[in-house]
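Structure file protein.txt (compact mmCIF, C-alpha atoms) follows.
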```txt
# COMPACT_ATOMS: atom_id res chain seq x y z
CA MET A 1 -8.79 19.83 7.30
CA ASN A 2 -7.52 21.77 10.34
CA LYS A 3 -5.74 18.63 11.50
CA ILE A 4 -4.15 18.22 8.09
CA LYS A 5 -3.02 21.86 8.11
CA GLY A 6 -1.63 21.38 11.59
CA LEU A 7 0.34 18.35 10.50
CA CYS A 8 1.68 20.21 7.48
CA LEU A 9 2.89 23.06 9.72
CA VAL A 10 4.64 20.55 11.93
CA PHE A 11 6.20 19.00 8.83
CA GLY A 12 7.46 22.40 7.76
CA ALA A 13 9.15 22.96 11.10
CA MET A 14 10.65 19.50 11.16
CA LEU A 15 11.87 19.71 7.58
CA LEU A 16 13.90 22.78 8.50
CA LEU A 17 15.90 20.41 10.69
CA VAL A 18 15.66 17.17 8.73
CA SER A 19 15.33 16.99 4.94
CA CYS A 20 13.95 13.99 3.03
CA GLY A 21 17.48 12.81 2.47
CA GLY A 22 18.45 13.25 6.11
CA VAL A 23 20.84 15.66 7.82
CA SER A 24 24.31 15.65 6.27
CA ASN A 25 27.38 14.68 8.27
CA LYS A 26 28.79 18.18 7.71
CA THR A 27 25.75 19.73 9.33
CA VAL A 28 26.00 17.42 12.33
CA ILE A 29 29.70 18.12 12.70
CA ARG A 30 29.18 21.88 12.43
CA HIS A 31 26.45 21.84 15.08
CA GLN A 32 28.57 19.60 17.25
CA LYS A 33 31.47 22.03 17.16
CA LEU A 34 29.31 25.05 17.83
CA GLU A 35 27.14 23.59 20.57
CA GLU A 36 29.36 21.07 22.29
CA GLY A 37 32.89 22.19 21.59
CA VAL A 38 33.97 18.91 19.95
CA ASP A 39 36.56 19.80 17.32
CA SER A 40 39.67 17.58 17.07
CA PRO A 41 39.76 15.21 20.05
CA THR A 42 43.11 13.58 20.68
CA THR A 43 43.22 12.05 24.13
CA ILE A 44 41.38 8.87 25.09
CA GLU A 45 38.95 10.77 27.25
CA GLU A 46 38.31 13.39 24.56
CA LEU A 47 37.69 10.68 21.98
CA LYS A 48 35.29 8.81 24.27
CA ASP A 49 33.45 12.03 25.03
CA ALA A 50 33.21 12.96 21.34
CA ILE A 51 31.87 9.50 20.42
CA LYS A 52 29.21 9.72 23.11
CA LYS A 53 28.08 13.18 21.99
CA TYR A 54 27.95 12.25 18.31
CA GLN A 55 25.98 9.07 19.08
CA GLU A 56 23.40 11.12 20.91
CA ARG A 57 23.15 13.54 17.98
CA VAL A 58 22.70 10.72 15.44
CA ALA A 59 20.02 9.17 17.66
CA ASP A 60 18.15 12.49 17.66
CA VAL A 61 18.28 12.68 13.86
CA GLN A 62 17.09 9.08 13.48
CA LEU A 63 14.20 9.71 15.87
CA ALA A 64 13.17 12.83 13.94
CA GLN A 65 13.27 10.98 10.61
CA SER A 66 11.27 8.09 12.05
CA GLN A 67 8.61 10.48 13.32
CA ILE A 68 8.36 12.27 9.97
CA GLY A 69 7.76 8.94 8.24
CA ILE A 70 4.95 8.16 10.68
CA TRP A 71 3.39 11.58 10.14
CA TYR A 72 3.45 11.14 6.38
CA LYS A 73 1.61 7.84 6.82
CA ILE A 74 -1.00 9.47 9.07
CA LEU A 75 -1.38 12.32 6.60
CA GLY A 76 -1.87 9.81 3.79
CA THR A 77 -4.63 8.00 5.69
CA ARG A 78 -6.37 11.32 6.41
CA TYR A 79 -6.31 12.18 2.70
CA LEU A 80 -7.53 8.66 1.88
CA ASP A 81 -10.43 9.00 4.33
CA ASN A 82 -11.40 12.19 2.49
CA LYS A 83 -11.06 10.48 -0.92
CA MET A 84 -8.19 12.80 -1.88
CA TYR A 85 -6.37 9.95 -3.60
CA GLY A 86 -3.71 11.98 -5.42
CA GLU A 87 -2.55 13.72 -2.25
CA ALA A 88 -2.76 10.45 -0.33
CA LEU A 89 -0.56 8.75 -2.93
CA LYS A 90 2.09 11.48 -2.58
CA ALA A 91 2.05 11.18 1.21
CA PHE A 92 2.43 7.39 1.19
CA GLU A 93 5.26 7.62 -1.33
CA GLU A 94 7.01 10.09 0.97
CA ALA A 95 6.50 7.76 3.93
CA LEU A 96 8.18 4.97 1.95
CA LYS A 97 11.37 7.04 1.83
CA TYR A 98 11.58 6.52 5.58
CA TYR A 99 10.07 3.01 5.76
CA PRO A 100 10.98 1.30 2.45
CA ASP A 101 10.12 -2.19 3.74
CA ASN A 102 6.66 -1.46 5.11
CA GLN A 103 4.07 -3.65 3.36
CA ASN A 104 1.16 -1.51 4.56
CA LEU A 105 2.53 1.57 2.81
CA TYR A 106 2.90 -0.35 -0.45
CA TYR A 107 -0.67 -1.60 -0.08
CA TYR A 108 -1.94 1.96 0.32
CA VAL A 109 0.08 3.09 -2.70
CA GLY A 110 -1.65 0.33 -4.67
CA VAL A 111 -5.08 1.42 -3.49
CA CYS A 112 -4.48 5.09 -4.30
CA ALA A 113 -2.93 4.34 -7.69
CA GLY A 114 -5.96 2.22 -8.56
CA TYR A 115 -8.31 5.08 -7.76
CA MET A 116 -6.13 7.55 -9.67
CA SER A 117 -6.28 5.35 -12.77
CA HIS A 118 -9.99 6.13 -12.98
CA ALA A 119 -9.43 9.83 -12.41
CA ALA A 120 -6.86 9.79 -15.22
CA LEU A 121 -9.57 8.82 -17.72
CA ASP A 122 -11.95 11.48 -16.42
CA PHE A 123 -9.40 14.25 -17.02
CA ASN A 124 -7.87 12.87 -20.20
CA ALA A 125 -9.99 14.37 -22.97
CA SER A 126 -7.64 13.11 -25.70
CA GLY A 127 -8.61 9.50 -25.07
CA ASN A 128 -5.01 8.47 -24.48
CA ASN A 129 -4.96 5.71 -21.85
CA GLU A 130 -1.25 5.98 -21.10
CA VAL A 131 -1.72 7.81 -17.79
CA LYS A 132 -4.36 5.32 -16.68
CA TYR A 133 -2.10 2.40 -17.60
CA ASN A 134 0.84 3.89 -15.72
CA TYR A 135 -1.26 4.19 -12.57
CA LEU A 136 -2.44 0.59 -12.95
CA LYS A 137 1.13 -0.65 -13.34
CA LEU A 138 2.14 1.36 -10.27
CA ALA A 139 -0.68 -0.32 -8.35
CA GLU A 140 0.46 -3.74 -9.57
CA GLU A 141 4.07 -3.11 -8.57
CA ALA A 142 3.01 -1.81 -5.15
CA TYR A 143 0.78 -4.81 -4.38
CA LEU A 144 3.47 -7.24 -5.53
CA ARG A 145 6.06 -5.50 -3.38
CA ALA A 146 3.73 -5.73 -0.37
CA ILE A 147 3.27 -9.45 -0.97
CA THR A 148 7.03 -9.93 -1.36
CA ILE A 149 7.53 -8.38 2.07
CA GLU A 150 4.62 -10.27 3.68
CA ASP A 151 3.44 -13.21 1.58
CA ARG A 152 0.35 -13.82 3.77
CA TYR A 153 -0.88 -10.24 3.51
CA VAL A 154 -4.51 -10.89 2.59
CA ARG A 155 -5.44 -7.31 1.76
CA ALA A 156 -2.65 -7.06 -0.81
CA LEU A 157 -3.47 -10.52 -2.21
CA TYR A 158 -7.08 -9.44 -2.62
CA GLY A 159 -6.10 -6.03 -4.00
CA ILE A 160 -3.96 -7.43 -6.78
CA GLY A 161 -6.64 -10.01 -7.53
CA VAL A 162 -9.18 -7.24 -8.12
CA LEU A 163 -6.63 -5.35 -10.21
CA TYR A 164 -5.93 -8.30 -12.49
CA VAL A 165 -9.57 -9.33 -12.89
CA PHE A 166 -11.33 -5.99 -13.29
CA GLU A 167 -8.66 -3.54 -14.44
CA LEU A 168 -5.88 -5.33 -16.34
CA ASP A 169 -8.03 -8.18 -17.72
CA GLU A 170 -5.51 -10.82 -16.68
CA PRO A 171 -7.63 -13.26 -14.64
CA ALA A 172 -5.07 -16.08 -14.83
CA LYS A 173 -2.61 -13.93 -12.88
CA ALA A 174 -5.24 -13.21 -10.23
CA ILE A 175 -6.10 -16.83 -9.48
CA PRO A 176 -3.04 -17.90 -7.41
CA HIS A 177 -3.17 -14.73 -5.32
CA LEU A 178 -6.87 -15.09 -4.59
CA GLU A 179 -6.58 -18.80 -3.87
CA LYS A 180 -3.90 -18.00 -1.32
CA ALA A 181 -6.02 -15.23 0.19
CA ILE A 182 -8.96 -17.54 0.89
CA SER A 183 -6.65 -20.28 2.16
CA ILE A 184 -5.56 -17.80 4.84
CA ASP A 185 -8.90 -16.07 5.41
CA THR A 186 -11.31 -18.92 4.75
CA LYS A 187 -14.46 -16.82 5.14
CA ASN A 188 -13.43 -13.88 2.99
CA LEU A 189 -16.52 -13.63 0.80
CA ASP A 190 -15.21 -10.68 -1.22
CA ALA A 191 -12.13 -12.66 -2.24
CA MET A 192 -14.32 -15.67 -3.06
CA PHE A 193 -16.52 -13.64 -5.39
CA VAL A 194 -13.51 -12.21 -7.23
CA LEU A 195 -11.92 -15.66 -7.47
CA ALA A 196 -15.15 -17.11 -8.88
CA ARG A 197 -15.15 -14.30 -11.45
CA ALA A 198 -11.49 -14.97 -12.24
CA TYR A 199 -12.23 -18.66 -12.87
CA TYR A 200 -15.16 -17.73 -15.09
CA SER A 201 -13.14 -15.18 -17.08
CA ASN A 202 -10.41 -17.81 -17.48
CA TYR A 203 -12.97 -20.31 -18.89
CA GLU A 204 -12.77 -22.53 -15.80
CA PHE A 205 -16.54 -22.65 -15.43
CA GLU A 206 -16.79 -25.67 -13.15
CA LYS A 207 -14.30 -24.16 -10.70
CA SER A 208 -16.30 -20.95 -10.81
CA ALA A 209 -19.53 -22.81 -9.96
CA ALA A 210 -17.76 -24.65 -7.14
CA MET A 211 -16.56 -21.36 -5.68
CA TYR A 212 -20.10 -20.00 -5.75
CA ASP A 213 -21.15 -23.15 -3.88
CA LYS A 214 -18.56 -22.31 -1.24
CA ILE A 215 -19.97 -18.81 -0.94
CA ILE A 216 -23.49 -20.22 -0.52
CA GLU A 217 -22.25 -22.53 2.25
CA THR A 218 -20.36 -19.74 4.02
CA THR A 219 -22.60 -16.69 3.88
CA LYS A 220 -25.32 -15.83 6.36
CA SER A 221 -26.79 -13.17 4.11
CA GLU A 222 -29.80 -14.10 2.02
CA ASP A 223 -28.95 -11.47 -0.59
CA THR A 224 -25.40 -12.77 -0.91
CA ARG A 225 -26.67 -16.33 -1.21
CA LYS A 226 -29.12 -15.32 -3.93
CA THR A 227 -26.41 -13.51 -5.91
CA ALA A 228 -24.09 -16.53 -5.64
CA GLU A 229 -26.85 -18.88 -6.80
CA GLU A 230 -27.58 -16.71 -9.84
CA ASN A 231 -23.89 -16.51 -10.74
CA LYS A 232 -23.48 -20.25 -10.25
CA LYS A 233 -26.24 -20.89 -12.78
CA ILE A 234 -24.49 -18.62 -15.29
CA ALA A 235 -21.23 -20.53 -14.76
CA LEU A 236 -22.91 -23.94 -15.18
CA ASP A 237 -24.71 -22.80 -18.32
CA ALA A 238 -21.40 -21.62 -19.75
CA ALA A 239 -19.85 -25.00 -18.92
CA LEU A 240 -22.60 -26.80 -20.85
CA THR A 241 -22.13 -24.68 -23.97
CA ASP A 242 -18.34 -24.63 -23.84
```
Target format structure tokens, applied to this file:
Amino acid sequence: MNKIKGLCLVFGAMLLLVSCGGVSNKTVIRHQKLEEGVDSPTTIEELKDAIKKYQERVADVQLAQSQIGIWYKILGTRYLDNKMYGEALKAFEEALKYYPDNQNLYYYVGVCAGYMSHAALDFNASGNNEVKYNYLKLAEEAYLRAITIEDRYVRALYGIGVLYVFELDEPAKAIPHLEKAISIDTKNLDAMFVLARAYYSNYEFEKSAAMYDKIIETTKSEDTRKTAEENKKIALDAALTD
């Protein structure tokens, strides 16, 4: 917690210089005039000198903004490590203002939103699931955005697979993402289990049994093999009665 407080103090100091929207041109110009005496250059040399000084100032602002984005990401991971998912979500969303094309940040937003969907039910005594649903849709959008940026991002492919199968009850949507995940990471047992469940929930029982076979062939864990064998039997029984 001391580290988090320290980071927040640093943020406070930095945000006095650089806001979330960046330093305005007027502020830069005013500081330039006061500190460097650049007002209305006219000669070639004055213009060259002014350009050089302003470029250096802009570079300083860009560096500061870049660092703030990194700190927000670090802060988010610290909150995530401590299972403070709401605060982590806020931090990652702030980091995205500085790095809007970072697939990792979108992945973390998806993870945090998924956790917050469960907290929403715990605190919602009225039984209204709207808050939970909104968090789940935020998670979906975040995972999809991560995959759009990096289409071979296995963690996001797996994350949205879990979301569709276990949270949104849309197993058909999960299947292509999970199939791609295990085509990239061929020994990802977690993704295989979720894909087998997606096939089963989508009434593709033979495909489900075949995926459990793949798990049995891949795993070195006796417990994992036993679980896969039991689930395979369930899938085959369902195929016979279908």
- Task: Find, counting all atoms listed in the file, the residue in A:Ala95, A:Glu46, A:Leu178, A:Leu236 that gets nearest to Gln65 in chain A.
- Result: A:Ala95
- Counting all atoms listed in the file, what is within 12 Å of Ala113 in chain A, bar same-chain residues fewer than 3 positions away, as an NGL selection string? :A and (80 or 84-90 or 92-93 or 106-110 or 116-120 or 131-143 or 159-160 or 163 or 167)
- Message: If we count all atoms listed in the file and set the cut-off at 12 Å, which residues sit around range 189-198 of chain A, ignoring sequence neighbours fewer than 6 positions away in its own chain? Please answer as a PyMOL selection string.
- Response: chain A and resi 154-183+204-221+224-225+227-229+231-232+234-235
- How many Å lie between CA of Asn82 in chain A and CA of Asp185 in chain A, rounded to one decimal? 28.5 Å
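When CA of Asn202 in chain A is paired with CA of Gly114 in chain A, their separation reads 22.4 Å.
Reported to one decimal place, the separation of CA of Arg152 in chain A from CA of Ile184 in chain A is 7.2 Å.
Closest to Leu144 in chain A among A:Ile70, A:Lys52, A:Asp223, A:Asn104 is A:Asn104, based on all atoms listed in the file.
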